[in-house]
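Heads up, my_file_39.tsv below (TSV, C-alpha atoms):
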```
chain	number	residue	atom	x	y	z
A	1	MET	CA	11.85	10.38	-28.36
A	2	SER	CA	12.07	10.81	-32.13
A	3	GLN	CA	12.80	14.53	-31.71
A	4	THR	CA	15.91	13.82	-29.67
A	5	THR	CA	17.17	11.54	-32.46
A	6	VAL	CA	16.98	14.48	-34.86
A	7	VAL	CA	18.91	16.79	-32.56
A	8	THR	CA	21.83	14.51	-31.69
A	9	THR	CA	24.69	14.32	-34.20
A	10	ALA	CA	25.55	10.63	-33.80
A	11	PRO	CA	22.72	8.43	-35.10
A	12	GLU	CA	20.97	6.62	-32.28
A	13	PRO	CA	20.58	2.88	-32.83
A	14	LYS	CA	16.94	1.98	-33.44
A	15	LEU	CA	17.01	-0.90	-30.97
A	16	TRP	CA	18.72	-0.93	-27.63
A	17	ALA	CA	21.96	-2.90	-27.95
A	18	GLY	CA	23.31	-2.71	-24.42
A	19	GLY	CA	26.15	-0.60	-23.10
A	20	ARG	CA	23.87	2.12	-21.81
A	21	SER	CA	20.70	2.34	-19.81
A	22	PRO	CA	17.73	2.41	-22.21
A	23	TYR	CA	15.54	4.43	-19.84
A	24	ASN	CA	18.41	6.24	-18.15
A	25	VAL	CA	17.66	4.21	-15.01
A	26	SER	CA	20.31	2.22	-13.21
A	27	TYR	CA	20.01	-1.54	-12.89
A	28	GLY	CA	19.33	-1.38	-9.15
A	29	LYS	CA	16.57	1.15	-9.43
A	30	MET	CA	14.86	-0.62	-12.30
A	31	MET	CA	14.97	-3.93	-10.43
A	32	THR	CA	13.57	-2.22	-7.33
A	33	TRP	CA	10.61	-1.19	-9.46
A	34	PHE	CA	10.17	-4.72	-10.78
A	35	PHE	CA	10.39	-6.16	-7.27
A	36	LEU	CA	7.70	-3.73	-6.14
A	37	LEU	CA	5.59	-4.75	-9.12
A	38	SER	CA	5.75	-8.40	-8.04
A	39	ASP	CA	5.00	-7.39	-4.46
A	40	ALA	CA	2.00	-5.42	-5.70
A	41	LEU	CA	0.72	-8.60	-7.34
A	42	THR	CA	1.09	-10.46	-4.03
A	43	PHE	CA	-0.81	-7.84	-2.07
A	44	GLY	CA	-3.33	-7.61	-4.89
A	45	ALA	CA	-3.91	-11.35	-4.70
A	46	PHE	CA	-4.51	-11.09	-0.94
A	47	LEU	CA	-6.96	-8.24	-1.27
A	48	ILE	CA	-8.82	-9.81	-4.19
A	49	ALA	CA	-9.11	-13.09	-2.26
A	50	TYR	CA	-10.60	-11.04	0.58
A	51	GLY	CA	-13.03	-9.44	-1.88
A	52	THR	CA	-14.04	-12.80	-3.33
A	53	THR	CA	-14.77	-14.23	0.11
A	54	ARG	CA	-16.73	-11.15	0.98
A	55	PHE	CA	-18.77	-11.40	-2.22
A	56	PHE	CA	-19.81	-14.95	-1.50
A	57	SER	CA	-20.74	-14.23	2.12
A	58	ALA	CA	-24.38	-13.33	2.66
A	59	VAL	CA	-23.46	-11.17	5.70
A	60	TRP	CA	-20.18	-9.48	6.56
A	61	PRO	CA	-18.92	-7.76	9.76
A	62	ASP	CA	-19.25	-3.96	9.76
A	63	ALA	CA	-15.96	-2.05	10.02
A	64	ASN	CA	-17.64	0.68	12.06
A	65	GLN	CA	-18.48	-1.97	14.69
A	66	VAL	CA	-15.16	-3.83	14.64
A	67	PHE	CA	-12.81	-0.84	14.68
A	68	LYS	CA	-14.39	1.60	17.08
A	69	SER	CA	-11.89	1.65	19.91
A	70	PHE	CA	-9.14	4.08	20.74
A	71	PRO	CA	-6.32	3.55	23.27
A	72	PHE	CA	-7.08	4.71	26.82
A	73	MET	CA	-10.65	5.65	25.87
A	74	GLY	CA	-12.27	2.52	27.26
A	75	GLU	CA	-15.53	1.51	25.59
A	76	SER	CA	-15.66	4.70	23.54
A	77	ASN	CA	-17.48	4.59	20.23
A	78	LEU	CA	-14.97	6.17	17.85
A	79	PRO	CA	-15.11	4.24	14.59
A	80	LEU	CA	-12.26	4.87	12.14
A	81	VAL	CA	-10.54	7.45	14.35
A	82	PHE	CA	-7.64	5.24	15.38
A	83	VAL	CA	-7.00	3.92	11.88
A	84	SER	CA	-7.09	7.49	10.56
A	85	LEU	CA	-4.32	8.32	13.00
A	86	MET	CA	-2.32	5.35	11.67
A	87	THR	CA	-2.91	6.48	8.08
A	88	PHE	CA	-1.81	9.99	8.97
A	89	ILE	CA	1.40	8.67	10.56
A	90	LEU	CA	2.23	6.60	7.48
A	91	ILE	CA	1.55	9.44	5.00
A	92	MET	CA	3.64	11.75	7.19
A	93	SER	CA	6.55	9.29	7.18
A	94	SER	CA	6.23	9.05	3.39
A	95	VAL	CA	6.70	12.82	3.20
A	96	THR	CA	9.78	12.76	5.41
A	97	MET	CA	11.17	9.95	3.22
A	98	VAL	CA	10.65	11.91	0.00
A	99	LEU	CA	12.33	14.90	1.66
A	100	ALA	CA	15.31	12.64	2.49
A	101	VAL	CA	15.44	11.54	-1.16
A	102	HIS	CA	15.25	15.18	-2.23
A	103	ALA	CA	18.13	16.12	0.07
A	104	GLY	CA	20.04	13.15	-1.42
A	105	HIS	CA	19.66	14.59	-4.93
A	106	TYR	CA	21.56	17.64	-3.68
A	107	GLY	CA	24.13	15.64	-1.75
A	108	ASP	CA	22.95	17.29	1.46
A	109	LYS	CA	24.19	14.74	4.00
A	110	LYS	CA	22.88	16.49	7.11
A	111	ASN	CA	19.31	16.76	5.84
A	112	VAL	CA	19.30	13.20	4.49
A	113	ALA	CA	20.18	11.99	7.99
A	114	LYS	CA	17.61	14.26	9.64
A	115	TRP	CA	14.69	13.20	7.42
A	116	LEU	CA	15.66	9.52	7.56
A	117	LEU	CA	15.56	9.72	11.34
A	118	TRP	CA	12.03	11.19	11.23
A	119	THR	CA	10.99	8.46	8.81
A	120	ILE	CA	12.25	5.79	11.18
A	121	ILE	CA	10.36	7.41	14.06
A	122	GLY	CA	7.19	7.49	11.95
A	123	GLY	CA	7.59	3.83	11.06
A	124	ILE	CA	8.03	2.85	14.68
A	125	CYS	CA	4.95	4.88	15.69
A	126	PHE	CA	2.92	3.10	13.01
A	127	LEU	CA	4.10	-0.30	14.19
A	128	SER	CA	3.24	0.58	17.79
A	129	CYS	CA	-0.28	1.55	16.73
A	130	GLN	CA	-0.62	-1.74	14.89
A	131	ALA	CA	0.63	-3.64	17.92
A	132	TRP	CA	-2.04	-1.94	20.03
A	133	GLU	CA	-4.77	-2.73	17.52
A	134	TRP	CA	-3.74	-6.39	17.28
A	135	THR	CA	-3.62	-6.69	21.06
A	136	HIS	CA	-7.05	-5.11	21.33
A	137	LEU	CA	-8.57	-7.41	18.67
A	138	HIS	CA	-6.82	-10.40	20.23
A	139	GLY	CA	-8.79	-9.59	23.37
A	140	GLU	CA	-12.05	-9.12	21.46
A	141	CYS	CA	-11.72	-12.39	19.52
A	142	GLY	CA	-9.97	-14.55	22.10
A	143	GLY	CA	-7.12	-15.15	19.65
A	144	LEU	CA	-5.75	-14.02	16.31
A	145	TRP	CA	-6.23	-16.53	13.50
A	146	GLY	CA	-8.81	-19.31	13.57
A	147	THR	CA	-11.25	-17.82	16.07
A	148	PHE	CA	-15.07	-18.14	15.85
A	149	THR	CA	-15.30	-21.76	14.84
A	150	ASP	CA	-18.35	-22.84	16.83
A	151	LEU	CA	-21.71	-21.33	17.66
A	152	SER	CA	-20.96	-20.98	21.37
A	153	THR	CA	-19.11	-17.78	20.34
A	154	ALA	CA	-22.35	-16.29	18.95
A	155	HIS	CA	-22.67	-13.61	21.63
A	156	ASP	CA	-19.11	-12.51	20.76
A	157	PHE	CA	-19.35	-12.25	17.00
A	158	LYS	CA	-22.82	-10.71	16.89
A	159	ARG	CA	-21.50	-7.37	18.09
A	160	PHE	CA	-19.35	-7.04	14.96
A	161	PHE	CA	-22.40	-6.67	12.72
A	162	SER	CA	-24.42	-3.56	11.95
A	163	GLU	CA	-28.03	-3.15	13.10
A	164	LYS	CA	-29.23	-3.58	9.52
A	165	SER	CA	-27.73	-7.04	9.10
A	166	MET	CA	-28.90	-8.43	12.47
A	167	ASP	CA	-31.96	-10.16	10.97
A	168	MET	CA	-29.71	-12.09	8.63
A	169	VAL	CA	-27.23	-12.87	11.43
A	170	ASN	CA	-30.00	-14.27	13.62
A	171	ALA	CA	-31.54	-16.23	10.76
A	172	GLN	CA	-28.25	-17.80	9.65
A	173	PRO	CA	-25.84	-17.79	12.58
A	174	LEU	CA	-23.51	-20.30	10.92
A	175	VAL	CA	-23.04	-18.05	7.90
A	176	ALA	CA	-22.40	-15.06	10.17
A	177	MET	CA	-19.91	-17.06	12.23
A	178	GLN	CA	-18.06	-18.23	9.13
A	179	SER	CA	-17.81	-14.70	7.72
A	180	THR	CA	-16.53	-13.32	11.05
A	181	HIS	CA	-13.96	-16.10	11.07
A	182	ASN	CA	-12.92	-15.24	7.48
A	183	PHE	CA	-12.91	-11.51	8.16
A	184	PHE	CA	-10.43	-11.80	11.02
A	185	ASN	CA	-8.24	-14.36	9.25
A	186	TYR	CA	-7.89	-12.02	6.27
A	187	PHE	CA	-7.43	-9.02	8.52
A	188	PHE	CA	-4.56	-10.53	10.49
A	189	THR	CA	-2.92	-12.06	7.40
A	190	ILE	CA	-3.01	-8.89	5.30
A	191	THR	CA	-2.19	-6.33	7.99
A	192	GLY	CA	0.44	-8.77	9.30
A	193	PHE	CA	2.07	-9.05	5.88
A	194	HIS	CA	1.93	-5.28	5.55
A	195	GLY	CA	3.35	-4.84	9.06
A	196	GLY	CA	6.20	-7.18	8.09
A	197	HIS	CA	6.96	-4.87	5.18
A	198	VAL	CA	6.93	-1.84	7.49
A	199	THR	CA	9.27	-3.63	9.89
A	200	SER	CA	11.78	-4.50	7.16
A	201	GLY	CA	11.41	-0.94	5.81
A	202	VAL	CA	12.36	0.46	9.22
A	203	ILE	CA	15.38	-1.87	9.32
A	204	PHE	CA	16.48	-0.76	5.82
A	205	ASN	CA	16.05	2.86	6.85
A	206	ILE	CA	18.22	2.33	9.92
A	207	LEU	CA	20.91	0.71	7.73
A	208	ILE	CA	20.98	3.59	5.23
A	209	LEU	CA	20.91	6.12	8.07
A	210	VAL	CA	24.06	4.51	9.50
A	211	ASN	CA	25.66	4.53	6.04
A	212	THR	CA	24.70	8.17	5.50
A	213	VAL	CA	26.12	9.28	8.81
A	214	ASN	CA	29.31	7.30	8.13
A	215	GLY	CA	29.66	9.11	4.79
A	216	VAL	CA	29.41	5.98	2.63
A	217	TYR	CA	27.16	7.69	0.07
A	218	GLU	CA	29.15	10.91	0.19
A	219	ARG	CA	32.25	8.95	-0.87
A	220	ARG	CA	30.26	7.08	-3.51
A	221	GLY	CA	29.19	10.41	-4.95
A	222	HIS	CA	25.44	9.87	-4.92
A	223	TYR	CA	22.56	8.89	-2.63
A	224	GLU	CA	20.86	6.44	-4.95
A	225	MET	CA	20.47	3.87	-2.17
A	226	VAL	CA	18.28	6.35	-0.27
A	227	GLU	CA	16.17	6.66	-3.41
A	228	LYS	CA	15.79	2.88	-3.77
A	229	ILE	CA	14.84	2.34	-0.12
A	230	GLY	CA	12.57	5.35	-0.53
A	231	LEU	CA	10.74	3.55	-3.35
A	232	TYR	CA	10.18	0.59	-1.04
A	233	TRP	CA	8.95	2.81	1.76
A	234	HIS	CA	6.48	4.65	-0.48
A	235	PHE	CA	5.25	1.32	-1.77
A	236	VAL	CA	4.46	0.27	1.80
A	237	ASP	CA	2.48	3.49	2.20
A	238	LEU	CA	0.74	2.77	-1.10
A	239	VAL	CA	-0.31	-0.69	0.05
A	240	TRP	CA	-1.71	0.81	3.24
A	241	VAL	CA	-3.87	3.16	1.16
A	242	PHE	CA	-5.52	0.09	-0.39
A	243	VAL	CA	-5.69	-1.92	2.85
A	244	PHE	CA	-7.33	1.07	4.52
A	245	THR	CA	-9.96	1.29	1.79
A	246	CYS	CA	-10.69	-2.44	1.64
A	247	PHE	CA	-10.92	-3.14	5.35
A	248	TYR	CA	-12.16	0.07	6.88
A	249	LEU	CA	-14.16	1.92	4.23
A	250	LEU	CA	-15.79	-0.42	1.72
B	1	MET	CA	27.30	0.43	-29.75
B	2	SER	CA	29.59	-1.60	-27.53
B	3	GLU	CA	32.71	-1.17	-29.69
B	4	ASN	CA	32.64	2.56	-28.91
B	5	ILE	CA	33.07	1.85	-25.24
B	6	ASP	CA	36.37	0.91	-23.73
B	7	LYS	CA	36.07	-2.74	-22.78
B	8	ALA	CA	37.34	-2.20	-19.25
B	9	THR	CA	34.78	0.53	-18.65
B	10	PHE	CA	32.05	-1.71	-19.95
B	11	GLN	CA	33.10	-4.54	-17.62
B	12	HIS	CA	33.33	-2.13	-14.77
B	13	TYR	CA	29.80	-0.83	-15.29
B	14	TYR	CA	28.21	-4.19	-15.70
B	15	GLU	CA	30.13	-6.21	-13.15
B	16	GLY	CA	31.24	-3.55	-10.73
B	17	ASP	CA	29.25	-0.77	-9.17
B	18	GLN	CA	26.19	-0.73	-11.38
B	19	SER	CA	24.81	2.32	-9.70
B	20	LYS	CA	27.36	4.29	-11.78
B	21	LEU	CA	24.68	4.05	-14.45
B	22	TYR	CA	22.60	6.11	-12.03
B	23	SER	CA	19.87	8.14	-13.59
B	24	GLY	CA	21.04	11.45	-14.92
B	25	LEU	CA	17.49	12.73	-14.65
B	26	MET	CA	17.59	13.65	-11.00
B	27	GLN	CA	21.25	13.77	-10.03
B	28	HIS	CA	23.78	16.61	-10.57
B	29	HIS	CA	22.10	19.26	-8.51
B	30	THR	CA	24.35	21.17	-6.20
B	31	ASP	CA	22.57	24.09	-4.57
B	32	VAL	CA	19.99	22.93	-2.07
B	33	THR	CA	18.87	26.53	-1.45
B	34	SER	CA	18.16	27.18	-5.15
B	35	PRO	CA	14.63	28.24	-6.17
B	36	GLU	CA	14.33	24.97	-8.10
B	37	SER	CA	14.98	22.94	-4.96
B	38	LYS	CA	12.61	25.05	-2.89
B	39	ALA	CA	9.87	24.69	-5.50
B	40	GLN	CA	10.25	20.91	-5.37
B	41	VAL	CA	10.03	20.86	-1.55
B	42	LYS	CA	6.94	23.06	-1.75
B	43	ARG	CA	5.39	20.65	-4.26
B	44	ILE	CA	6.04	17.70	-1.92
B	45	TRP	CA	4.26	19.48	0.95
B	46	ASN	CA	1.36	20.46	-1.31
B	47	ILE	CA	0.89	16.82	-2.26
B	48	PHE	CA	0.99	15.91	1.43
B	49	TRP	CA	-1.83	18.34	2.26
B	50	PHE	CA	-3.77	17.08	-0.73
B	51	LEU	CA	-3.43	13.45	0.43
B	52	LEU	CA	-4.41	14.46	3.95
B	53	VAL	CA	-7.56	16.25	2.76
B	54	ILE	CA	-8.58	13.22	0.68
B	55	THR	CA	-8.06	10.92	3.69
B	56	VAL	CA	-10.16	13.21	5.90
B	57	ILE	CA	-12.93	13.23	3.27
B	58	GLU	CA	-12.83	9.42	3.15
B	59	VAL	CA	-12.98	9.08	6.92
B	60	VAL	CA	-15.83	11.57	7.34
B	61	MET	CA	-17.71	9.81	4.55
B	62	GLY	CA	-17.09	6.42	6.16
B	63	MET	CA	-18.23	7.64	9.58
B	64	LYS	CA	-21.24	9.77	8.71
B	65	PHE	CA	-22.46	9.47	5.16
B	66	SER	CA	-21.62	6.14	3.54
B	67	HIS	CA	-24.58	4.46	5.28
B	68	LEU	CA	-27.00	7.07	4.00
B	69	MET	CA	-26.15	6.79	0.32
B	70	PRO	CA	-26.56	3.80	-1.99
B	71	ARG	CA	-23.83	1.24	-1.39
B	72	GLY	CA	-22.67	1.30	-5.02
B	73	ILE	CA	-22.15	5.06	-5.11
B	74	ALA	CA	-20.33	5.10	-1.76
B	75	ASN	CA	-18.00	2.31	-2.89
B	76	PHE	CA	-17.36	4.00	-6.23
B	77	LEU	CA	-16.39	7.24	-4.44
B	78	PHE	CA	-14.12	5.41	-1.98
B	79	LEU	CA	-12.34	3.58	-4.81
B	80	ALA	CA	-11.99	6.71	-6.93
B	81	LEU	CA	-10.47	8.67	-4.02
B	82	THR	CA	-8.14	5.74	-3.27
B	83	LEU	CA	-6.89	5.63	-6.86
B	84	VAL	CA	-6.30	9.39	-6.87
B	85	LYS	CA	-4.26	9.05	-3.67
B	86	ALA	CA	-2.29	6.10	-5.07
B	87	GLY	CA	-1.65	7.97	-8.32
B	88	TYR	CA	-0.13	10.99	-6.57
B	89	ILE	CA	2.04	8.84	-4.31
B	90	VAL	CA	3.46	6.98	-7.33
B	91	LYS	CA	3.83	10.04	-9.54
B	92	VAL	CA	5.34	12.52	-7.10
B	93	PHE	CA	6.65	10.64	-4.05
B	94	MET	CA	8.08	7.74	-6.05
B	95	HIS	CA	9.17	10.13	-8.84
B	96	LEU	CA	7.70	7.89	-11.53
B	97	GLY	CA	6.38	11.03	-13.22
B	98	ASP	CA	10.00	12.20	-13.68
B	99	GLU	CA	11.14	9.05	-15.50
B	100	PHE	CA	11.20	8.37	-19.24
B	101	LYS	CA	7.84	7.63	-20.78
B	102	GLY	CA	9.01	4.17	-21.86
B	103	PHE	CA	9.87	3.30	-18.28
B	104	ILE	CA	6.55	4.56	-16.95
B	105	THR	CA	4.75	2.33	-19.47
B	106	THR	CA	6.95	-0.64	-18.58
B	107	VAL	CA	6.02	-0.32	-14.92
B	108	LEU	CA	2.32	0.38	-15.40
B	109	ILE	CA	1.33	-2.09	-18.13
B	110	PRO	CA	1.61	-5.27	-15.98
B	111	LEU	CA	-0.88	-3.70	-13.56
B	112	VAL	CA	-3.56	-3.98	-16.25
B	113	LEU	CA	-3.74	-7.63	-15.16
B	114	PHE	CA	-5.61	-6.41	-12.09
B	115	VAL	CA	-8.57	-5.35	-14.23
B	116	TRP	CA	-9.16	-8.94	-15.30
B	117	PHE	CA	-8.18	-10.27	-11.90
B	118	ILE	CA	-10.70	-8.16	-9.97
B	119	ILE	CA	-13.60	-8.64	-12.38
B	120	ALA	CA	-13.09	-12.41	-12.66
B	121	PHE	CA	-12.73	-13.14	-8.97
B	122	LEU	CA	-15.49	-10.88	-7.68
B	123	ALA	CA	-17.85	-12.25	-10.31
B	124	ASP	CA	-16.94	-15.73	-9.16
B	125	GLY	CA	-17.66	-14.84	-5.52
B	126	HIS	CA	-20.99	-13.36	-6.52
B	127	PHE	CA	-21.85	-16.48	-8.51
B	128	TRP	CA	-21.06	-18.73	-5.55
B	129	LEU	CA	-23.28	-16.73	-3.23
B	130	ARG	CA	-26.20	-17.00	-5.65
B	131	MET	CA	-25.54	-20.68	-6.21
B	132	ASN	CA	-25.45	-21.28	-2.44
B	133	ASP	CA	-28.63	-19.31	-1.90
B	134	GLU	CA	-30.54	-21.17	-4.58
B	135	SER	CA	-29.16	-24.57	-3.76
B	136	PRO	CA	-31.62	-27.00	-2.11
B	137	ALA	CA	-28.71	-28.14	0.10
B	138	ARG	CA	-28.52	-24.68	1.65
B	139	HIS	CA	-32.21	-24.76	2.59
B	140	ASN	CA	-31.95	-28.25	4.03
B	141	SER	CA	-28.91	-27.32	6.12
B	142	ALA	CA	-30.61	-24.11	7.29
B	143	VAL	CA	-33.57	-26.16	8.43
B	144	GLN	CA	-31.29	-28.58	10.21
B	145	GLU	CA	-29.41	-25.71	11.80
B	146	VAL	CA	-32.58	-24.22	13.24
B	147	SER	CA	-33.86	-27.56	14.49
B	148	HIS	CA	-30.44	-28.28	15.97
B	149	GLU	CA	-30.55	-24.97	17.86
B	150	SER	CA	-34.04	-25.55	19.20
B	151	LYS	CA	-33.04	-28.85	20.79
```
When written as structure tokens, how does the structure in this file appear?
Amino acid sequence: MSQTTVVTTAPEPKLWAGGRSPYNVSYGKMMTWFFLLSDALTFGAFLIAYGTTRFFSAVWPDANQVFKSFPFMGESNLPLVFVSLMTFILIMSSVTMVLAVHAGHYGDKKNVAKWLLWTIIGGICFLSCQAWEWTHLHGECGGLWGTFTDLSTAHDFKRFFSEKSMDMVNAQPLVAMQSTHNFFNYFFTITGFHGGHVTSGVIFNILILVNTVNGVYERRGHYEMVEKIGLYWHFVDLVWVFVFTCFYLL
Amino acid sequence: MSENIDKATFQHYYEGDQSKLYSGLMQHHTDVTSPESKAQVKRIWNIFWFLLVITVIEVVMGMKFSHLMPRGIANFLFLALTLVKAGYIVKVFMHLGDEFKGFITTVLIPLVLFVWFIIAFLADGHFWLRMNDESPARHNSAVQEVSHESK
């Protein structure tokens, strides 16, 4: 930064005194970043709470046992395959979003509309996958939140644990029941909160697609709104990267 | 600074359409078919393939190998790959890498809180587990549990 001060003829004020953007970022874009920062803290708090609960549980359900189903494959044993598909869909929709933003930098209305449409389709596909997974787990658990609260459900929750931890599960069924209960409560809360973000992201994308097609941004002279919604959409993808790691891999 | 700016313009920027202060860093391109534009699109797709490969590595590891290696190493690898993925999404897809250095720092510094946050809370969870395990109450309740089941 000090080099630019040397080059310019008018002396730059040492401290920012208003009247211009200090980082050459507009108010709206900067505040989008700060909103995302606060949202990151919310998601972080959720995931760290999940981690804390997991650390104080002597046994914990095994992701390879819980998430091994795939639509229309019956009782197939395909751990992680379905969630990989969901991850792929979300990364793909992130790419189409960044291509829309790129087209916006060049004022290319037609391509902005095209890539926004693909992003919306990707978002809807992701939400459909999540709806299937929730429905499936609803069937497995006999509910969403607050399941596995008494030991009569033992034959149900035992199949969520790996072979290795079965000794522990049999020795302390109450502990195993409580951790299954916690696992699913966290799972539905966190993926539900993330799914809510995807849903609102799809709605925002539809709104800016309508505005793009109507030429609102063309008249305004720039497509910054696409960039701001793009930031939100990438953030949703970013959160999924962490949710994926915490729930399915670790 | 402000006396150099026409007062009406100033009012207009700050109370009207604030996006007129829109970043000059990325705007003002005109030719979408320029080599510069094509290079950027190519970069975006390269990052996509990179993210996809990392995800495939993670999934294959999770399905086949993570049970064979020590838990700590597997978790370290998963977290490292996750952070690499997150870094590229923020840097390239969210264009944070193209912003001013001061802005990048402003956005990233609050995230340092997570370092304390994660260490403190996981340590607390670990402590509770140990305390529960060593507590006489746990052993009494486990005994009761077993006797309750046998009835």
Report as a compact mmCIF listing (two decimals) with C-alpha atoms, keeping the file's coordinate frame the set of chain A residues whose atoms approach chain B to within 7 Å, with distances computed over only C-alpha atoms.
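Below is the file that was written, result05.txt:
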```
# COMPACT_ATOMS: atom_id res chain seq x y z
CA ALA A 17 21.96 -2.90 -27.95
CA GLY A 19 26.15 -0.60 -23.10
CA SER A 21 20.70 2.34 -19.81
CA TYR A 23 15.54 4.43 -19.84
CA ASN A 24 18.41 6.24 -18.15
CA VAL A 25 17.66 4.21 -15.01
CA SER A 26 20.31 2.22 -13.21
CA TYR A 27 20.01 -1.54 -12.89
CA GLY A 28 19.33 -1.38 -9.15
CA ILE A 48 -8.82 -9.81 -4.19
CA GLY A 51 -13.03 -9.44 -1.88
CA THR A 52 -14.04 -12.80 -3.33
CA THR A 53 -14.77 -14.23 0.11
CA PHE A 55 -18.77 -11.40 -2.22
CA PHE A 56 -19.81 -14.95 -1.50
CA SER A 57 -20.74 -14.23 2.12
CA ALA A 58 -24.38 -13.33 2.66
CA PRO A 79 -15.11 4.24 14.59
CA LEU A 80 -12.26 4.87 12.14
CA VAL A 95 6.70 12.82 3.20
CA VAL A 98 10.65 11.91 0.00
CA HIS A 105 19.66 14.59 -4.93
CA TYR A 106 21.56 17.64 -3.68
CA LEU A 231 10.74 3.55 -3.35
CA HIS A 234 6.48 4.65 -0.48
CA LEU A 238 0.74 2.77 -1.10
CA VAL A 241 -3.87 3.16 1.16
CA PHE A 242 -5.52 0.09 -0.39
CA THR A 245 -9.96 1.29 1.79
CA LEU A 249 -14.16 1.92 4.23
CA LEU A 250 -15.79 -0.42 1.72
```
How many Å lie between CA of Val53 in chain B and CA of Phe88 in chain A, rounded to one decimal? 10.5 Å
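When all atoms listed in the file are used to measure the gap to Lys91 in chain B, the shortest distance among B:Ile109, B:Lys64, B:Arg43, B:Glu134 belongs to B:Arg43.
For the pair CA of Leu47 in chain A and CA of Ala171 in chain A, the separation is 28.5 Å.
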Report, in Å with one decimal, the straight-line distance from CA of Thr135 in chain A to CA of Thr191 in chain A. 13.2 Å
Within 9 Å of Cys141 in chain A using all atoms listed in the file, minus same-chain residues under 4 positions, as a short mmCIF file (atom, residue, chain, number, x, y, z; two decimals) with C-alpha atoms, keeping the file's coordinate frame:
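The result, stored in result.cif:
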```
data_model
loop_
_atom_site.label_atom_id
_atom_site.label_comp_id
_atom_site.auth_asym_id
_atom_site.auth_seq_id
_atom_site.Cartn_x
_atom_site.Cartn_y
_atom_site.Cartn_z
CA HIS A 136 -7.05 -5.11 21.33
CA LEU A 137 -8.57 -7.41 18.67
CA THR A 147 -11.25 -17.82 16.07
CA PHE A 148 -15.07 -18.14 15.85
CA ASP A 156 -19.11 -12.51 20.76
CA PHE A 157 -19.35 -12.25 17.00
CA PHE A 184 -10.43 -11.80 11.02
#
```
Between A:Met30, A:Leu207, A:Leu36, A:Ala63, which has the minimum distance to Ile120 in chain A (counting all atoms listed in the file)? A:Leu207
Among the residues A:Arg159, A:Lys228, A:His138, A:His194, the one that comes closest to Phe244 in chain A [using all atoms listed in the file]: A:His194
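The neighbours of Thr149 in chain A here are the residues that come within 8 Å of it, using only C-alpha atoms and leaving out any residue fewer than 6 positions away in the same chain; they are A:Met177, A:Gln178, A:His181.
Shortest separation to Trp118 in chain A among A:Leu209, A:Tyr248, A:Phe34, A:Arg54 occurs at residue A:Leu209, atoms counted being only C-alpha atoms.
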Between A:Tyr217, A:Tyr223, A:Phe126, A:Trp145, smallest distance to Val202 in chain A by only C-alpha atoms belongs to A:Phe126
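In this comparison, which uses only C-alpha atoms, the residue of A:Leu15, A:Val198, A:Val83, A:Met225 approaching Val101 in chain A most closely is A:Met225.
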